[in-house]
Amino acid sequence: MTHTFPENFLWGASISAHQTEGAYTIDGKGLSVQDTRQRDNHDIADFTVAVDHYHHYKEDIGLLAEMGIKVFRFSIAWTRIFPNGRGDINQKGLQHYSDVIDELLKYDIQPYITLNHFDLPQAFEDEGGWSVRSTVDAFKIYAETLFDAYGDRVKHWLTINEPNIMLLVDKKILGKEIPLQEKYQQFHHLMIAEKYAFKRCHELVIGGQIGPVPNISLVYPATSKPMDNQAALYFNSVRNWAYLDFSCFGRYNAVFKDYLNRNNITIDFAPEDKELMENNFPDFVAMNFYTTVTVEKPTEKEGMANGISDQQSEDIMEWGFYKGFTNPYLKKNEFNWTIDPDGLKTTLQTLYDRYHLPIIITENGLGAKDELTSDGKIHDSYRINYLEQHIDQCLQAIEAGVDLIGYSPWSAIDLISVHEGISKRYGFIYVDRTEHDEKELTRYKKDSFYWYQTLIETNQLPS
């Protein structure tokens, strides 16, 4: 084994529209649920300006080209194209993304475009959001519009970012709690919308490829007790495989169906859904990964929070099925997230063994409180250490037979976190602003920028 990545490996970096663009009402853009969401913490930055990537995209893409990336994964804001979700196209919005695409192609960077990343038009939320079928119909038209407008230049597409996380931690992502029956009707509509995207991409984009983009975290049982193993089986299904089985196999998996039945949940199907499900499939799987999850079978209703001391586990609790448990064998970062690079390899192997499709990682990274020094440096050795450990596991997965085609970590530039604002930074590029002072939004290269640049140049982890 050479410990060198394949020659054609796709090194990239990722962002989302609402966390970076700002310009939230400029050039005809309408409001999304991320613009209007209720905020518990008013001491952090919101998305109105963000890091103003909308006006700085040429500078940002130039820096990413200097870093050497081959892939830029970004999302399009639905409300820049259709300010009210449907109706007349906003030509300024359509032109903006055309300009972004051309700027990327100028540097031979492949666009990987996410159709929707947590920012449903507020006009649809007022009508019932993903709970109503009309949102699916509008999404189909929106997707077709993008395929028609950009399909001559963009050949790689991602569907709906992390529908599993959007539903599992609805309060954190959307600012509201969704009742269980409604939540899984939304699941069906989200997945049918994705099936329409598969279908229309393959029909409209010559040579087009498209894939789902869930957040996949393999679920461990807390102990070797059979009941904890069953808890892990159910949460693996509810969190991970229900979504990808729908995408890749066109079916509801058996464990997930049992979960729905035990919760007395019934799903309304439209007449065309069966044909859509069973005849439209992805070309690859895009996977977001930050860590694994550990669960146990709850035995006492009043003790559901027992054993939880990490941020990711606090929302995992459902009586009769599973509850989160902090894995004592994993370290945690300063934002109380567990870190499990070995789990990335295991997750990749499990996913590839299950679906046999090429995989590209479209999110993986470390949020941290970076410090800009007086001489304009950001010494983020902790981020380099995190990335190095995870990228090493990517290489081991490839050497173990996984068809991993690319790695596009989170995030290309600093962006606004929903819960920690600009203080929680992920980027290779530092954006100089605080929670309440936008300053000049000056860009600085972090140490990790140069480290990643060397990795891409050599196709090997820097020694």
# chains A, B, ... in the order shown; residues from 1 in each chain; ligands from 1
call {"tool": "select_by_dssp", "arguments": {"residues": "stretch 136-330 of chain A", "states": "alpha helix (DSSP H)", "output": "VMD selection string"}}
result
chain A and resid 136 to 150 163 to 168 170 to 174 180 to 204 226 to 236 242 to 249 254 to 262 273 to 279
call {"tool": "residues_around", "arguments": {"residues": "A:Gly365", "least_positions_apart": "4", "cutoff": "12 Å", "atoms": "only C-alpha atoms", "output": "NGL selection string"}}
result
:A and (13-15 or 288-291 or 333 or 337 or 339-341 or 361 or 382-391 or 407-414 or 424-428 or 448)
call {"tool": "write_last_selection", "arguments": {"atoms": "N, CA and C atoms", "output": "short mmCIF file (atom, residue, chain, number, x, y, z; two decimals), in the first residue's frame"}}
result
data_model
loop_
_atom_site.label_atom_id
_atom_site.label_comp_id
_atom_site.auth_asym_id
_atom_site.auth_seq_id
_atom_site.Cartn_x
_atom_site.Cartn_y
_atom_site.Cartn_z
N ALA A 13 -14.07 21.54 -0.72
CA ALA A 13 -14.48 22.26 0.48
C ALA A 13 -15.94 22.65 0.28
N SER A 14 -16.65 22.85 1.40
CA SER A 14 -18.11 23.00 1.33
C SER A 14 -18.62 24.20 2.12
N ILE A 15 -19.75 24.73 1.66
CA ILE A 15 -20.48 25.77 2.40
C ILE A 15 -21.98 25.58 2.13
N ASN A 288 -22.31 13.38 4.93
CA ASN A 288 -21.78 14.29 5.94
C ASN A 288 -21.49 13.47 7.20
N PHE A 289 -20.31 13.65 7.77
CA PHE A 289 -19.93 12.89 8.96
C PHE A 289 -19.15 13.77 9.92
N TYR A 290 -19.57 13.76 11.19
CA TYR A 290 -18.83 14.45 12.24
C TYR A 290 -18.39 13.49 13.35
N THR A 291 -19.26 12.56 13.71
CA THR A 291 -18.92 11.60 14.73
C THR A 291 -19.92 10.46 14.69
N ASN A 333 -14.55 17.70 21.72
CA ASN A 333 -13.98 19.01 21.39
C ASN A 333 -14.55 20.07 22.34
N TRP A 337 -18.65 18.03 21.43
CA TRP A 337 -18.94 16.99 20.45
C TRP A 337 -17.89 15.89 20.58
N ILE A 339 -15.43 12.93 19.28
CA ILE A 339 -14.57 12.82 18.10
C ILE A 339 -14.23 11.34 17.90
N ASP A 340 -14.53 10.81 16.71
CA ASP A 340 -14.33 9.38 16.47
C ASP A 340 -13.83 9.13 15.05
N PRO A 341 -12.55 9.43 14.78
CA PRO A 341 -12.02 9.19 13.42
C PRO A 341 -12.09 7.72 13.01
N ILE A 361 -17.47 12.40 0.63
CA ILE A 361 -17.75 13.08 1.91
C ILE A 361 -17.90 14.56 1.63
N TYR A 382 -5.21 22.36 16.14
CA TYR A 382 -6.27 21.46 16.57
C TYR A 382 -7.14 21.03 15.39
N ARG A 383 -7.38 21.93 14.46
CA ARG A 383 -8.18 21.58 13.28
C ARG A 383 -7.37 20.66 12.36
N ILE A 384 -6.10 20.99 12.19
CA ILE A 384 -5.24 20.14 11.37
C ILE A 384 -5.19 18.73 11.95
N ASN A 385 -5.09 18.63 13.26
CA ASN A 385 -5.04 17.32 13.92
C ASN A 385 -6.33 16.54 13.67
N TYR A 386 -7.48 17.23 13.80
CA TYR A 386 -8.78 16.58 13.55
C TYR A 386 -8.87 16.09 12.11
N LEU A 387 -8.55 16.97 11.16
CA LEU A 387 -8.64 16.60 9.75
C LEU A 387 -7.67 15.48 9.40
N GLU A 388 -6.46 15.57 9.93
CA GLU A 388 -5.46 14.55 9.64
C GLU A 388 -5.93 13.17 10.08
N GLN A 389 -6.51 13.09 11.28
CA GLN A 389 -6.99 11.81 11.78
C GLN A 389 -8.11 11.25 10.90
N HIS A 390 -9.02 12.11 10.48
CA HIS A 390 -10.16 11.65 9.69
C HIS A 390 -9.75 11.32 8.25
N ILE A 391 -8.87 12.12 7.69
CA ILE A 391 -8.42 11.85 6.32
C ILE A 391 -7.60 10.56 6.29
N TYR A 407 -13.38 14.09 -0.91
CA TYR A 407 -13.46 14.58 0.47
C TYR A 407 -13.58 16.09 0.40
N SER A 408 -14.73 16.61 0.81
CA SER A 408 -15.01 18.05 0.73
C SER A 408 -15.47 18.53 2.10
N PRO A 409 -14.52 18.89 2.95
CA PRO A 409 -14.84 19.14 4.36
C PRO A 409 -15.60 20.44 4.61
N TRP A 410 -16.13 20.51 5.79
CA TRP A 410 -16.84 21.69 6.31
C TRP A 410 -15.86 22.43 7.20
N SER A 411 -15.50 23.67 6.80
CA SER A 411 -16.09 24.40 5.69
C SER A 411 -14.99 25.16 4.96
N ALA A 412 -15.32 25.61 3.77
CA ALA A 412 -14.35 26.35 2.96
C ALA A 412 -13.92 27.63 3.67
N ILE A 413 -14.88 28.40 4.10
CA ILE A 413 -14.63 29.67 4.80
C ILE A 413 -15.42 29.66 6.09
N ASP A 414 -15.07 30.53 7.02
CA ASP A 414 -15.85 30.65 8.24
C ASP A 414 -17.28 31.03 7.88
N LYS A 424 -18.05 29.96 16.56
CA LYS A 424 -17.72 28.58 16.23
C LYS A 424 -17.31 28.55 14.76
N ARG A 425 -16.00 28.48 14.54
CA ARG A 425 -15.46 28.61 13.19
C ARG A 425 -15.01 27.25 12.67
N TYR A 426 -15.28 27.00 11.40
CA TYR A 426 -14.92 25.75 10.75
C TYR A 426 -13.95 25.93 9.59
N GLY A 427 -13.82 27.11 9.06
CA GLY A 427 -13.22 27.30 7.75
C GLY A 427 -11.71 27.16 7.68
N PHE A 428 -11.22 26.97 6.45
CA PHE A 428 -9.80 27.10 6.15
C PHE A 428 -9.43 28.57 6.03
N SER A 448 -4.32 25.84 8.67
CA SER A 448 -4.94 24.67 8.02
C SER A 448 -5.07 24.87 6.52
#
call {"tool": "closest_residue", "arguments": {"among": "A:Asp108, A:Asp228, A:Asp35, A:Glu314", "to": "A:Phe47", "atoms": "only C-alpha atoms"}}
result
A:Asp35
call {"tool": "select_by_dssp", "arguments": {"residues": "stretch 142-264 of chain A", "states": "strand (DSSP E or B)", "output": "number ranges by chain"}}
result
A: 156-161, 209-213, 215, 219-221
call {"tool": "write_last_selection", "arguments": {"atoms": "N, CA, C and O atoms", "output": "PDB file, in the first residue's frame"}}
result
ATOM      1  N   HIS A 156     -22.725  17.685 -11.529  1.00  0.00           N
ATOM      2  CA  HIS A 156     -22.824  16.982 -10.251  1.00  0.00           C
ATOM      3  C   HIS A 156     -23.758  17.734  -9.314  1.00  0.00           C
ATOM      4  O   HIS A 156     -23.538  18.926  -9.028  1.00  0.00           O
ATOM      5  N   TRP A 157     -24.773  17.032  -8.843  1.00  0.00           N
ATOM      6  CA  TRP A 157     -25.833  17.639  -8.042  1.00  0.00           C
ATOM      7  C   TRP A 157     -26.083  16.836  -6.777  1.00  0.00           C
ATOM      8  O   TRP A 157     -25.967  15.604  -6.766  1.00  0.00           O
ATOM      9  N   LEU A 158     -26.443  17.548  -5.722  1.00  0.00           N
ATOM     10  CA  LEU A 158     -26.876  16.941  -4.464  1.00  0.00           C
ATOM     11  C   LEU A 158     -28.305  17.388  -4.207  1.00  0.00           C
ATOM     12  O   LEU A 158     -28.705  18.479  -4.598  1.00  0.00           O
ATOM     13  N   THR A 159     -29.072  16.558  -3.547  1.00  0.00           N
ATOM     14  CA  THR A 159     -30.507  16.830  -3.428  1.00  0.00           C
ATOM     15  C   THR A 159     -30.833  17.744  -2.241  1.00  0.00           C
ATOM     16  O   THR A 159     -30.694  18.959  -2.326  1.00  0.00           O
ATOM     17  N   ILE A 160     -31.250  17.176  -1.132  1.00  0.00           N
ATOM     18  CA  ILE A 160     -31.690  17.947   0.028  1.00  0.00           C
ATOM     19  C   ILE A 160     -30.761  17.632   1.196  1.00  0.00           C
ATOM     20  O   ILE A 160     -30.632  16.479   1.595  1.00  0.00           O
ATOM     21  N   ASN A 161     -30.118  18.650   1.723  1.00  0.00           N
ATOM     22  CA  ASN A 161     -29.120  18.429   2.768  1.00  0.00           C
ATOM     23  C   ASN A 161     -29.737  17.878   4.053  1.00  0.00           C
ATOM     24  O   ASN A 161     -30.688  18.441   4.597  1.00  0.00           O
ATOM     25  N   GLN A 209     -25.010  13.673 -12.950  1.00  0.00           N
ATOM     26  CA  GLN A 209     -25.012  12.725 -11.846  1.00  0.00           C
ATOM     27  C   GLN A 209     -25.555  13.419 -10.604  1.00  0.00           C
ATOM     28  O   GLN A 209     -25.308  14.612 -10.392  1.00  0.00           O
ATOM     29  N   ILE A 210     -26.265  12.640  -9.781  1.00  0.00           N
ATOM     30  CA  ILE A 210     -26.933  13.225  -8.635  1.00  0.00           C
ATOM     31  C   ILE A 210     -26.956  12.221  -7.488  1.00  0.00           C
ATOM     32  O   ILE A 210     -27.011  11.005  -7.713  1.00  0.00           O
ATOM     33  N   GLY A 211     -26.886  12.740  -6.262  1.00  0.00           N
ATOM     34  CA  GLY A 211     -26.908  11.856  -5.109  1.00  0.00           C
ATOM     35  C   GLY A 211     -27.554  12.507  -3.908  1.00  0.00           C
ATOM     36  O   GLY A 211     -27.675  13.735  -3.829  1.00  0.00           O
ATOM     37  N   PRO A 212     -27.988  11.683  -2.945  1.00  0.00           N
ATOM     38  CA  PRO A 212     -28.525  12.201  -1.691  1.00  0.00           C
ATOM     39  C   PRO A 212     -27.391  12.717  -0.809  1.00  0.00           C
ATOM     40  O   PRO A 212     -26.224  12.364  -1.022  1.00  0.00           O
ATOM     41  N   VAL A 213     -27.731  13.525   0.198  1.00  0.00           N
ATOM     42  CA  VAL A 213     -26.696  14.059   1.081  1.00  0.00           C
ATOM     43  C   VAL A 213     -27.172  14.040   2.540  1.00  0.00           C
ATOM     44  O   VAL A 213     -27.433  15.068   3.142  1.00  0.00           O
ATOM     45  N   ASN A 215     -26.711  13.105   6.700  1.00  0.00           N
ATOM     46  CA  ASN A 215     -25.676  13.035   7.731  1.00  0.00           C
ATOM     47  C   ASN A 215     -25.686  11.603   8.264  1.00  0.00           C
ATOM     48  O   ASN A 215     -26.691  11.150   8.811  1.00  0.00           O
ATOM     49  N   VAL A 219     -24.285   3.980  14.505  1.00  0.00           N
ATOM     50  CA  VAL A 219     -24.790   3.935  15.881  1.00  0.00           C
ATOM     51  C   VAL A 219     -24.231   2.708  16.594  1.00  0.00           C
ATOM     52  O   VAL A 219     -24.393   1.577  16.132  1.00  0.00           O
ATOM     53  N   TYR A 220     -23.576   2.948  17.720  1.00  0.00           N
ATOM     54  CA  TYR A 220     -23.034   1.869  18.542  1.00  0.00           C
ATOM     55  C   TYR A 220     -23.987   1.547  19.692  1.00  0.00           C
ATOM     56  O   TYR A 220     -24.607   2.464  20.251  1.00  0.00           O
ATOM     57  N   PRO A 221     -24.067   0.285  20.113  1.00  0.00           N
ATOM     58  CA  PRO A 221     -24.746  -0.026  21.374  1.00  0.00           C
ATOM     59  C   PRO A 221     -23.841   0.335  22.551  1.00  0.00           C
ATOM     60  O   PRO A 221     -22.617   0.174  22.479  1.00  0.00           O
TER      61      PRO A 221
END
call {"tool": "residues_around", "arguments": {"residues": "A:Tyr444", "least_positions_apart": "4", "cutoff": "10 Å", "atoms": "only C-alpha atoms", "output": "ChimeraX atom specification"}}
result
/A:63,372,376-378,413,428-432,449
call {"tool": "write_last_selection", "arguments": {"atoms": "N, CA and C atoms", "output": "PDB file, in the first residue's frame"}}
result
ATOM      1  N   LEU A  63      -9.262  32.369  -3.480  1.00  0.00           N
ATOM      2  CA  LEU A  63      -8.498  31.780  -2.378  1.00  0.00           C
ATOM      3  C   LEU A  63      -8.592  30.255  -2.403  1.00  0.00           C
ATOM      4  N   LEU A 372      -7.347  35.305  15.847  1.00  0.00           N
ATOM      5  CA  LEU A 372      -6.554  36.047  14.865  1.00  0.00           C
ATOM      6  C   LEU A 372      -5.452  36.792  15.605  1.00  0.00           C
ATOM      7  N   GLY A 376      -1.845  38.766  11.806  1.00  0.00           N
ATOM      8  CA  GLY A 376      -2.739  38.228  10.783  1.00  0.00           C
ATOM      9  C   GLY A 376      -2.645  36.736  10.573  1.00  0.00           C
ATOM     10  N   LYS A 377      -2.292  35.985  11.628  1.00  0.00           N
ATOM     11  CA  LYS A 377      -2.178  34.536  11.538  1.00  0.00           C
ATOM     12  C   LYS A 377      -3.277  33.857  12.361  1.00  0.00           C
ATOM     13  N   ILE A 378      -3.612  32.640  11.965  1.00  0.00           N
ATOM     14  CA  ILE A 378      -4.533  31.805  12.741  1.00  0.00           C
ATOM     15  C   ILE A 378      -3.880  30.436  12.867  1.00  0.00           C
ATOM     16  N   ILE A 413     -14.877  28.404   4.096  1.00  0.00           N
ATOM     17  CA  ILE A 413     -14.631  29.666   4.798  1.00  0.00           C
ATOM     18  C   ILE A 413     -15.424  29.661   6.094  1.00  0.00           C
ATOM     19  N   PHE A 428     -11.223  26.968   6.454  1.00  0.00           N
ATOM     20  CA  PHE A 428      -9.803  27.095   6.147  1.00  0.00           C
ATOM     21  C   PHE A 428      -9.429  28.574   6.031  1.00  0.00           C
ATOM     22  N   ILE A 429     -10.446  29.406   5.795  1.00  0.00           N
ATOM     23  CA  ILE A 429     -10.267  30.845   5.612  1.00  0.00           C
ATOM     24  C   ILE A 429     -11.007  31.571   6.724  1.00  0.00           C
ATOM     25  N   TYR A 430     -10.295  32.399   7.450  1.00  0.00           N
ATOM     26  CA  TYR A 430     -10.857  33.165   8.566  1.00  0.00           C
ATOM     27  C   TYR A 430     -11.532  34.423   8.020  1.00  0.00           C
ATOM     28  N   VAL A 431     -12.729  34.725   8.513  1.00  0.00           N
ATOM     29  CA  VAL A 431     -13.417  35.960   8.153  1.00  0.00           C
ATOM     30  C   VAL A 431     -13.478  36.838   9.399  1.00  0.00           C
ATOM     31  N   ASP A 432     -12.894  38.010   9.314  1.00  0.00           N
ATOM     32  CA  ASP A 432     -12.755  38.879  10.481  1.00  0.00           C
ATOM     33  C   ASP A 432     -14.036  39.665  10.736  1.00  0.00           C
ATOM     34  N   PHE A 449      -5.184  26.106   6.072  1.00  0.00           N
ATOM     35  CA  PHE A 449      -5.231  26.413   4.634  1.00  0.00           C
ATOM     36  C   PHE A 449      -3.970  25.876   3.960  1.00  0.00           C
TER      37      PHE A 449
END
call {"tool": "closest_atom_pairs", "arguments": {"of": "stretch 306-360 of chain A", "to": "stretch 231-249 of chain A", "cutoff": "7 Å", "atoms": "only C-alpha atoms", "output": "tab-separated table"}}
result
residue	atom	partner	partner_atom	distance
A:Phe321	CA	A:Ala231	CA	5.6
A:Tyr322	CA	A:Ala231	CA	4.9
A:Tyr355	CA	A:Cys248	CA	6.9
call {"tool": "residues_around", "arguments": {"residues": "A:Leu167", "least_positions_apart": "5", "cutoff": "12 Å", "atoms": "only C-alpha atoms", "output": "ChimeraX atom specification"}}
result
/A:118,130-131,161-162,172-188,190,214-215,238-240,243,315
call {"tool": "closest_residue", "arguments": {"among": "A:Ile192, A:Leu351, A:Leu455, A:Leu94", "to": "A:Phe281", "atoms": "only C-alpha atoms"}}
result
A:Ile192
call {"tool": "atom_distance", "arguments": {"atom1": "atom CA of A:Asp102", "atom2": "atom CA of A:Arg153"}}
result
8.3 Å
call {"tool": "closest_residue", "arguments": {"among": "A:Arg80, A:Lys155, A:Lys332, A:Lys297", "to": "A:Met317", "atoms": "only C-alpha atoms"}}
result
A:Lys297
call {"tool": "residues_around", "arguments": {"residues": "stretch 204-208 of chain A", "least_positions_apart": "2", "cutoff": "12 Å", "atoms": "only C-alpha atoms", "output": "ChimeraX atom specification"}}
result
/A:112-113,143-158,196-202,210-211,282-284
call {"tool": "write_last_selection", "arguments": {"atoms": "N, CA, C and O atoms", "output": "short mmCIF file (atom, residue, chain, number, x, y, z; two decimals), in the first residue's frame"}}
result
data_model
loop_
_atom_site.label_atom_id
_atom_site.label_comp_id
_atom_site.auth_asym_id
_atom_site.auth_seq_id
_atom_site.Cartn_x
_atom_site.Cartn_y
_atom_site.Cartn_z
N TYR A 112 -20.34 21.27 -7.16
CA TYR A 112 -21.25 20.24 -6.65
C TYR A 112 -22.36 21.01 -5.94
O TYR A 112 -22.16 21.52 -4.83
N ILE A 113 -23.51 21.11 -6.58
CA ILE A 113 -24.56 22.02 -6.10
C ILE A 113 -25.62 21.26 -5.31
O ILE A 113 -26.19 20.28 -5.79
N ALA A 143 -36.19 22.49 -8.99
CA ALA A 143 -35.06 21.67 -9.42
C ALA A 143 -34.93 21.68 -10.94
O ALA A 143 -33.83 21.82 -11.50
N GLU A 144 -36.06 21.56 -11.65
CA GLU A 144 -36.03 21.59 -13.11
C GLU A 144 -35.46 22.92 -13.61
O GLU A 144 -34.71 22.95 -14.59
N THR A 145 -35.81 24.01 -12.94
CA THR A 145 -35.31 25.33 -13.32
C THR A 145 -33.79 25.38 -13.23
O THR A 145 -33.12 25.91 -14.13
N LEU A 146 -33.24 24.82 -12.16
CA LEU A 146 -31.78 24.81 -12.00
C LEU A 146 -31.11 23.90 -13.01
O LEU A 146 -30.07 24.25 -13.58
N PHE A 147 -31.69 22.73 -13.23
CA PHE A 147 -31.11 21.81 -14.21
C PHE A 147 -31.09 22.44 -15.60
O PHE A 147 -30.11 22.30 -16.35
N ASP A 148 -32.18 23.13 -15.95
CA ASP A 148 -32.25 23.80 -17.26
C ASP A 148 -31.25 24.94 -17.36
O ASP A 148 -30.60 25.13 -18.40
N ALA A 149 -31.11 25.71 -16.27
CA ALA A 149 -30.27 26.91 -16.31
C ALA A 149 -28.78 26.59 -16.27
O ALA A 149 -27.97 27.25 -16.93
N TYR A 150 -28.42 25.57 -15.50
CA TYR A 150 -27.00 25.33 -15.24
C TYR A 150 -26.48 23.98 -15.69
O TYR A 150 -25.29 23.70 -15.59
N GLY A 151 -27.38 23.13 -16.19
CA GLY A 151 -26.99 21.76 -16.53
C GLY A 151 -25.97 21.65 -17.64
O GLY A 151 -25.30 20.61 -17.77
N ASP A 152 -25.81 22.69 -18.43
CA ASP A 152 -24.78 22.67 -19.48
C ASP A 152 -23.38 22.76 -18.88
O ASP A 152 -22.40 22.32 -19.50
N ARG A 153 -23.28 23.31 -17.65
CA ARG A 153 -21.98 23.50 -17.01
C ARG A 153 -21.81 22.70 -15.73
O ARG A 153 -20.69 22.41 -15.32
N VAL A 154 -22.91 22.37 -15.08
CA VAL A 154 -22.86 21.66 -13.79
C VAL A 154 -23.36 20.23 -14.00
O VAL A 154 -24.51 20.02 -14.38
N LYS A 155 -22.48 19.26 -13.73
CA LYS A 155 -22.82 17.86 -13.96
C LYS A 155 -23.00 17.07 -12.67
O LYS A 155 -23.39 15.91 -12.72
N HIS A 156 -22.73 17.68 -11.53
CA HIS A 156 -22.82 16.98 -10.25
C HIS A 156 -23.76 17.73 -9.31
O HIS A 156 -23.54 18.93 -9.03
N TRP A 157 -24.77 17.03 -8.84
CA TRP A 157 -25.83 17.64 -8.04
C TRP A 157 -26.08 16.84 -6.78
O TRP A 157 -25.97 15.60 -6.77
N LEU A 158 -26.44 17.55 -5.72
CA LEU A 158 -26.88 16.94 -4.46
C LEU A 158 -28.30 17.39 -4.21
O LEU A 158 -28.70 18.48 -4.60
N TYR A 196 -37.96 12.88 -7.41
CA TYR A 196 -38.21 13.74 -8.56
C TYR A 196 -36.90 14.35 -9.06
O TYR A 196 -36.66 14.47 -10.27
N ALA A 197 -36.04 14.76 -8.12
CA ALA A 197 -34.77 15.36 -8.52
C ALA A 197 -33.89 14.35 -9.25
O ALA A 197 -33.25 14.68 -10.26
N PHE A 198 -33.84 13.11 -8.75
CA PHE A 198 -33.10 12.06 -9.47
C PHE A 198 -33.61 11.95 -10.91
O PHE A 198 -32.83 11.94 -11.87
N LYS A 199 -34.93 11.83 -11.02
CA LYS A 199 -35.56 11.60 -12.32
C LYS A 199 -35.27 12.75 -13.29
O LYS A 199 -34.81 12.52 -14.42
N ARG A 200 -35.52 13.97 -12.85
CA ARG A 200 -35.41 15.11 -13.76
C ARG A 200 -33.96 15.47 -14.06
O ARG A 200 -33.66 15.94 -15.16
N CYS A 201 -33.05 15.24 -13.13
CA CYS A 201 -31.63 15.46 -13.42
C CYS A 201 -31.18 14.53 -14.55
O CYS A 201 -30.53 14.97 -15.51
N HIS A 202 -31.56 13.26 -14.44
CA HIS A 202 -31.15 12.30 -15.47
C HIS A 202 -31.81 12.59 -16.82
O HIS A 202 -31.24 12.27 -17.87
N ILE A 210 -26.26 12.64 -9.78
CA ILE A 210 -26.93 13.23 -8.64
C ILE A 210 -26.96 12.22 -7.49
O ILE A 210 -27.01 11.01 -7.71
N GLY A 211 -26.89 12.74 -6.26
CA GLY A 211 -26.91 11.86 -5.11
C GLY A 211 -27.55 12.51 -3.91
O GLY A 211 -27.67 13.74 -3.83
N PRO A 282 -29.94 7.14 -7.26
CA PRO A 282 -28.77 8.03 -7.32
C PRO A 282 -27.59 7.38 -8.02
O PRO A 282 -27.51 6.16 -8.16
N ASP A 283 -26.64 8.25 -8.41
CA ASP A 283 -25.40 7.78 -9.03
C ASP A 283 -24.28 7.61 -8.01
O ASP A 283 -23.30 6.91 -8.26
N PHE A 284 -24.41 8.27 -6.88
CA PHE A 284 -23.42 8.22 -5.81
C PHE A 284 -24.12 8.62 -4.52
O PHE A 284 -25.27 9.07 -4.53
#
call {"tool": "residues_around", "arguments": {"residues": "A:Ala400", "least_positions_apart": "2", "cutoff": "12 Å", "atoms": "only C-alpha atoms", "output": "VMD selection string"}}
result
chain A and resid 1 3 345 to 346 348 to 350 352 to 353 393 to 398 402 to 404
call {"tool": "atom_distance", "arguments": {"atom1": "atom CA of A:Glu420", "atom2": "atom CA of A:Tyr97"}}
result
27.9 Å
